[in-house]
Each structure stands twice: as C-alpha cells, then as structure tokens.
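Following: one structure in structure tokens, then a few remarks.
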Amino acid sequence: MGSDRPLWRRLVELLAWVGLALALRLWVVEPRWIPSGSMLPTLQLQDRILVEKVRPRLGVPLKPGTVVVFRPPSALVAAGYDPAAALIKRVVAGPGDQVEVRGGQLLRNGAAVDPDWAAEPMNYQLAPLVLPPQALLVLGDNRNASLDSHLWGPLPLQQVIGTAVWRYWPLQRFGPIRFSPTAGAPDADEQLG
C-alpha cells in the first residue's frame, strides 16, 4: 500500500518527529540508569529513571528531599572525574541554610532533619557550614558509602542537570522516586554515579 503524500513530505514529517524527540531529550526529560549504591535503598543498582530538566532551567528552587542529577563540581573534576559525567544525590539543604552532621545525625538550621532520607546514621562529622547563594548541599541516601557534599563541599546550582522524578524500570517499582528497597537490571541508558 502506498501513500498519497510525496516521499519528500513524508521525510520532512519524519525529520520533524525526530527533531521533536531530540529537543524533548535535550531540554525536557531524559532516561538515566543507576550504576552505584550511593542512593540505596531509595534507588537500587541498575534502576532506570527519568530526569526532568525544566525546573532547574527555570530557576525553580530545589527543596530539601529533591533528588538531583548533576555534573561533577570542580573539586571532583580536579580529582580526575570526567566533567561530562552525571552524578545523583539528594538535596538536604539550600542557599543560606546552616548544615552540620553531629552524632550521626543531620542538622539543618540547628534542628534535626526529619526525614533525613539516610539508610543509616552517619559515621562521620561535618562541621557547621552555611551554604552560599546559588549552592546546595547534596548527600547520598547511603550516606556512609557516598562520595557527596560532606567530602567535596556545596554543589553550585549551575551544575544541576535536572531532578529524578520517575522510575520506569524495574516494573515492580514503576512510579515516582520515593524511598524504596529492591534491586533492578542493566540497560544502555546513560548511567549515574
């Protein structure tokens, strides 16, 4: 069966759809996968997630509890990280907040953070730190096994790629990103550390 439309018109329509798909991935949403245990138990190894990119581009504040995907800050790049890599952690404090870790507990503005999303009490200390404007403190939910802000400092907001909003694989955990404890499988989508 043929089409009434000329071949050139069908090619233009196909190219328009491909262009739309690429624009959506570049500016709106993209798939990623989890290669490390830094966000256990919330995100399991090999979970596949969708990262929305609109809120950071519009300057919408990223509140504590938001899971963000970001490019490595300069301290990690200086230590040898690929500047094009993507990492994933949870925002625990924003600009102007005072944060510290004392006695295994996360404190924000002098009060214990509840929930603090941690898999277990932290086995490290973090001296009181006031976050500068345009910076976030990001920690892995698996705090004792996460290369995060407690080691390399505040994350500049301009490093944020987007926010993790939806787990699409494995299907038994399909849905919004929340605190959840099970494992997934690998894929060729982009990975996060």
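Chain labels run A, B, ... following the order of the structure tokens; each chain numbers its residues from 1, and ligands are numbered from 1 in the order shown.
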Closest-contact table, range 27-120 of chain A side, partner range 131-149 of chain A, 7 Å, counting only C-alpha atoms, as CSV:
residue,atom,partner,partner_atom,distance
A:Ser38,CA,A:Ser146,CA,4.7
A:Met39,CA,A:Asp141,CA,4.6
A:Leu40,CA,A:Asn142,CA,5.2
A:Lys89,CA,A:Gly140,CA,4.8
A:Arg90,CA,A:Val138,CA,5.2
A:Val91,CA,A:Val138,CA,4.5
A:Val92,CA,A:Val138,CA,5.7
A:Ala93,CA,A:Leu137,CA,5.2
A:Gly94,CA,A:Leu136,CA,4.7
A:Pro95,CA,A:Pro133,CA,4.8
A:Gly96,CA,A:Leu131,CA,5.1
A:Asp97,CA,A:Leu131,CA,5.6
A:Gln98,CA,A:Leu131,CA,6.4
A:Trp117,CA,A:Asp141,CA,5.7
A:Ala118,CA,A:Asp141,CA,4.5
A:Ala119,CA,A:Asn142,CA,5.2
Those selected residues, please, written with N, CA and C atoms and delivered as a PDB file, in the first residue's frame.
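The result, written out as result.pdb:
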ATOM      1  N   SER A  38      25.200   4.559  45.963  1.00  0.00           N
ATOM      2  CA  SER A  38      25.196   5.762  46.797  1.00  0.00           C
ATOM      3  C   SER A  38      23.806   6.229  47.196  1.00  0.00           C
ATOM      4  N   MET A  39      22.776   5.794  46.485  1.00  0.00           N
ATOM      5  CA  MET A  39      21.410   6.226  46.806  1.00  0.00           C
ATOM      6  C   MET A  39      20.557   5.087  47.371  1.00  0.00           C
ATOM      7  N   LEU A  40      21.204   3.971  47.776  1.00  0.00           N
ATOM      8  CA  LEU A  40      20.459   2.877  48.398  1.00  0.00           C
ATOM      9  C   LEU A  40      19.831   3.359  49.696  1.00  0.00           C
ATOM     10  N   LYS A  89      22.298  12.611  43.735  1.00  0.00           N
ATOM     11  CA  LYS A  89      22.256  12.708  45.198  1.00  0.00           C
ATOM     12  C   LYS A  89      20.945  13.412  45.579  1.00  0.00           C
ATOM     13  N   ARG A  90      20.711  13.482  46.897  1.00  0.00           N
ATOM     14  CA  ARG A  90      19.517  14.147  47.403  1.00  0.00           C
ATOM     15  C   ARG A  90      19.891  15.512  47.990  1.00  0.00           C
ATOM     16  N   VAL A  91      19.096  16.522  47.689  1.00  0.00           N
ATOM     17  CA  VAL A  91      19.276  17.847  48.278  1.00  0.00           C
ATOM     18  C   VAL A  91      18.861  17.747  49.747  1.00  0.00           C
ATOM     19  N   VAL A  92      19.760  18.158  50.651  1.00  0.00           N
ATOM     20  CA  VAL A  92      19.423  18.173  52.075  1.00  0.00           C
ATOM     21  C   VAL A  92      19.392  19.589  52.636  1.00  0.00           C
ATOM     22  N   ALA A  93      19.911  20.565  51.879  1.00  0.00           N
ATOM     23  CA  ALA A  93      19.877  21.957  52.311  1.00  0.00           C
ATOM     24  C   ALA A  93      20.097  22.861  51.113  1.00  0.00           C
ATOM     25  N   GLY A  94      19.586  24.089  51.225  1.00  0.00           N
ATOM     26  CA  GLY A  94      19.706  25.051  50.134  1.00  0.00           C
ATOM     27  C   GLY A  94      20.435  26.314  50.554  1.00  0.00           C
ATOM     28  N   PRO A  95      20.468  27.302  49.656  1.00  0.00           N
ATOM     29  CA  PRO A  95      21.182  28.547  49.925  1.00  0.00           C
ATOM     30  C   PRO A  95      20.764  29.171  51.259  1.00  0.00           C
ATOM     31  N   GLY A  96      21.773  29.572  52.051  1.00  0.00           N
ATOM     32  CA  GLY A  96      21.520  30.223  53.325  1.00  0.00           C
ATOM     33  C   GLY A  96      21.303  29.290  54.498  1.00  0.00           C
ATOM     34  N   ASP A  97      21.072  28.003  54.244  1.00  0.00           N
ATOM     35  CA  ASP A  97      20.882  27.050  55.344  1.00  0.00           C
ATOM     36  C   ASP A  97      22.216  26.769  56.030  1.00  0.00           C
ATOM     37  N   GLN A  98      22.142  26.555  57.348  1.00  0.00           N
ATOM     38  CA  GLN A  98      23.312  26.083  58.088  1.00  0.00           C
ATOM     39  C   GLN A  98      23.137  24.583  58.272  1.00  0.00           C
ATOM     40  N   TRP A 117      16.247  10.910  55.143  1.00  0.00           N
ATOM     41  CA  TRP A 117      16.379  10.025  53.987  1.00  0.00           C
ATOM     42  C   TRP A 117      17.588   9.106  54.048  1.00  0.00           C
ATOM     43  N   ALA A 118      18.312   9.067  55.151  1.00  0.00           N
ATOM     44  CA  ALA A 118      19.533   8.258  55.241  1.00  0.00           C
ATOM     45  C   ALA A 118      19.203   6.791  55.468  1.00  0.00           C
ATOM     46  N   ALA A 119      20.013   5.930  54.877  1.00  0.00           N
ATOM     47  CA  ALA A 119      19.858   4.486  55.058  1.00  0.00           C
ATOM     48  C   ALA A 119      20.208   4.077  56.494  1.00  0.00           C
TER      49      ALA A 119
END
Near range 161-181 of chain A, 8 Å: range 31-147 of chain A residue rows, closest pairs, only C-alpha atoms, as a Markdown table:
| residue | atom | partner | partner_atom | distance |
| --- | --- | --- | --- | --- |
| A:Leu40 | CA | A:Pro181 | CA | 7.3 |
| A:Pro41 | CA | A:Pro181 | CA | 4.7 |
| A:Thr42 | CA | A:Phe179 | CA | 4.3 |
| A:Leu43 | CA | A:Ser180 | CA | 7.0 |
| A:Gln44 | CA | A:Pro181 | CA | 7.2 |
| A:Asp47 | CA | A:Trp169 | CA | 5.8 |
| A:Arg48 | CA | A:Trp169 | CA | 5.0 |
| A:Ile49 | CA | A:Arg167 | CA | 4.2 |
| A:Leu50 | CA | A:Trp166 | CA | 5.2 |
| A:Val51 | CA | A:Ala164 | CA | 4.4 |
| A:Glu52 | CA | A:Gly162 | CA | 5.3 |
| A:Lys53 | CA | A:Gly162 | CA | 4.2 |
| A:Val54 | CA | A:Gly162 | CA | 7.2 |
| A:Arg55 | CA | A:Gly162 | CA | 7.2 |
| A:Pro56 | CA | A:Gly162 | CA | 6.0 |
| A:Thr66 | CA | A:Thr163 | CA | 7.0 |
| A:Val67 | CA | A:Ala164 | CA | 5.5 |
| A:Val68 | CA | A:Thr163 | CA | 4.3 |
| A:Val69 | CA | A:Gly162 | CA | 5.4 |
| A:Phe70 | CA | A:Ile161 | CA | 4.9 |
| A:Arg71 | CA | A:Ile161 | CA | 6.9 |
| A:Trp117 | CA | A:Phe179 | CA | 7.4 |
Discussion item. Going by DSSP on the backbone, which residues of range 52-156 of chain A come out as strand (DSSP E)? List them as JSON, numbers by chain.
Written reply: {"A": [52, 67, 68, 69, 70, 87, 88, 89, 90, 91, 92, 93, 98, 99, 100, 101, 102, 105, 106, 107, 108, 111, 112, 126, 127, 128, 129, 130, 135, 136, 137, 138, 139, 155, 156]}
Write the residues of the selection above to a file with C-alpha atoms, as a PDB file, in the first residue's frame.
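Written file, result-v1.pdb:
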ATOM      1  CA  GLU A  52      13.214  16.228  34.191  1.00  0.00           C
ATOM      2  CA  VAL A  67      16.806  14.020  44.122  1.00  0.00           C
ATOM      3  CA  VAL A  68      19.058  15.842  41.664  1.00  0.00           C
ATOM      4  CA  VAL A  69      21.285  14.779  38.797  1.00  0.00           C
ATOM      5  CA  PHE A  70      24.323  16.989  38.267  1.00  0.00           C
ATOM      6  CA  LEU A  87      26.009  12.048  39.482  1.00  0.00           C
ATOM      7  CA  ILE A  88      22.861  11.669  41.569  1.00  0.00           C
ATOM      8  CA  LYS A  89      22.256  12.708  45.198  1.00  0.00           C
ATOM      9  CA  ARG A  90      19.517  14.147  47.403  1.00  0.00           C
ATOM     10  CA  VAL A  91      19.276  17.847  48.278  1.00  0.00           C
ATOM     11  CA  VAL A  92      19.423  18.173  52.075  1.00  0.00           C
ATOM     12  CA  ALA A  93      19.877  21.957  52.311  1.00  0.00           C
ATOM     13  CA  GLN A  98      23.312  26.083  58.088  1.00  0.00           C
ATOM     14  CA  VAL A  99      24.098  22.365  57.981  1.00  0.00           C
ATOM     15  CA  GLU A 100      26.126  20.026  60.157  1.00  0.00           C
ATOM     16  CA  VAL A 101      26.441  16.335  60.943  1.00  0.00           C
ATOM     17  CA  ARG A 102      26.931  15.582  64.622  1.00  0.00           C
ATOM     18  CA  GLN A 105      22.550  12.980  62.729  1.00  0.00           C
ATOM     19  CA  LEU A 106      21.966  15.589  60.027  1.00  0.00           C
ATOM     20  CA  LEU A 107      21.108  19.044  61.406  1.00  0.00           C
ATOM     21  CA  ARG A 108      19.738  21.911  59.312  1.00  0.00           C
ATOM     22  CA  ALA A 111      17.274  21.206  64.127  1.00  0.00           C
ATOM     23  CA  ALA A 112      17.419  17.504  63.289  1.00  0.00           C
ATOM     24  CA  LEU A 126      30.513  17.663  59.260  1.00  0.00           C
ATOM     25  CA  ALA A 127      31.422  20.965  60.900  1.00  0.00           C
ATOM     26  CA  PRO A 128      28.688  23.646  60.759  1.00  0.00           C
ATOM     27  CA  LEU A 129      28.556  25.145  57.279  1.00  0.00           C
ATOM     28  CA  VAL A 130      26.373  27.961  55.930  1.00  0.00           C
ATOM     29  CA  ALA A 135      24.549  26.334  46.190  1.00  0.00           C
ATOM     30  CA  LEU A 136      23.043  23.115  47.534  1.00  0.00           C
ATOM     31  CA  LEU A 137      24.241  20.501  49.980  1.00  0.00           C
ATOM     32  CA  VAL A 138      23.668  17.078  48.401  1.00  0.00           C
ATOM     33  CA  LEU A 139      24.136  13.723  50.118  1.00  0.00           C
ATOM     34  CA  LEU A 155      27.190  21.929  44.848  1.00  0.00           C
ATOM     35  CA  PRO A 156      26.902  25.036  42.636  1.00  0.00           C
TER      36      PRO A 156
END
Item to complete: From a DSSP calculation on the backbone, collect every residue of chain A in alpha helix (DSSP H) and output the set as a ChimeraX atom specification.
Response: /A:7-27,54-58,74-78,149-152
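Note that CA of Lys63 in chain A and CA of Pro115 in chain A are 13.2 Å apart.
Closest to Ala86 in chain A among A:Ser74, A:Gln159, A:Asn109, A:Asn123 is A:Gln159, based on only C-alpha atoms.
Between CA of Pro72 in chain A and CA of Ala84 in chain A lies a distance of 7.7 Å.
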Fill in: Length of the CA of Gln158 in chain A to CA of Leu76 in chain A vector [Å]
15.1 Å
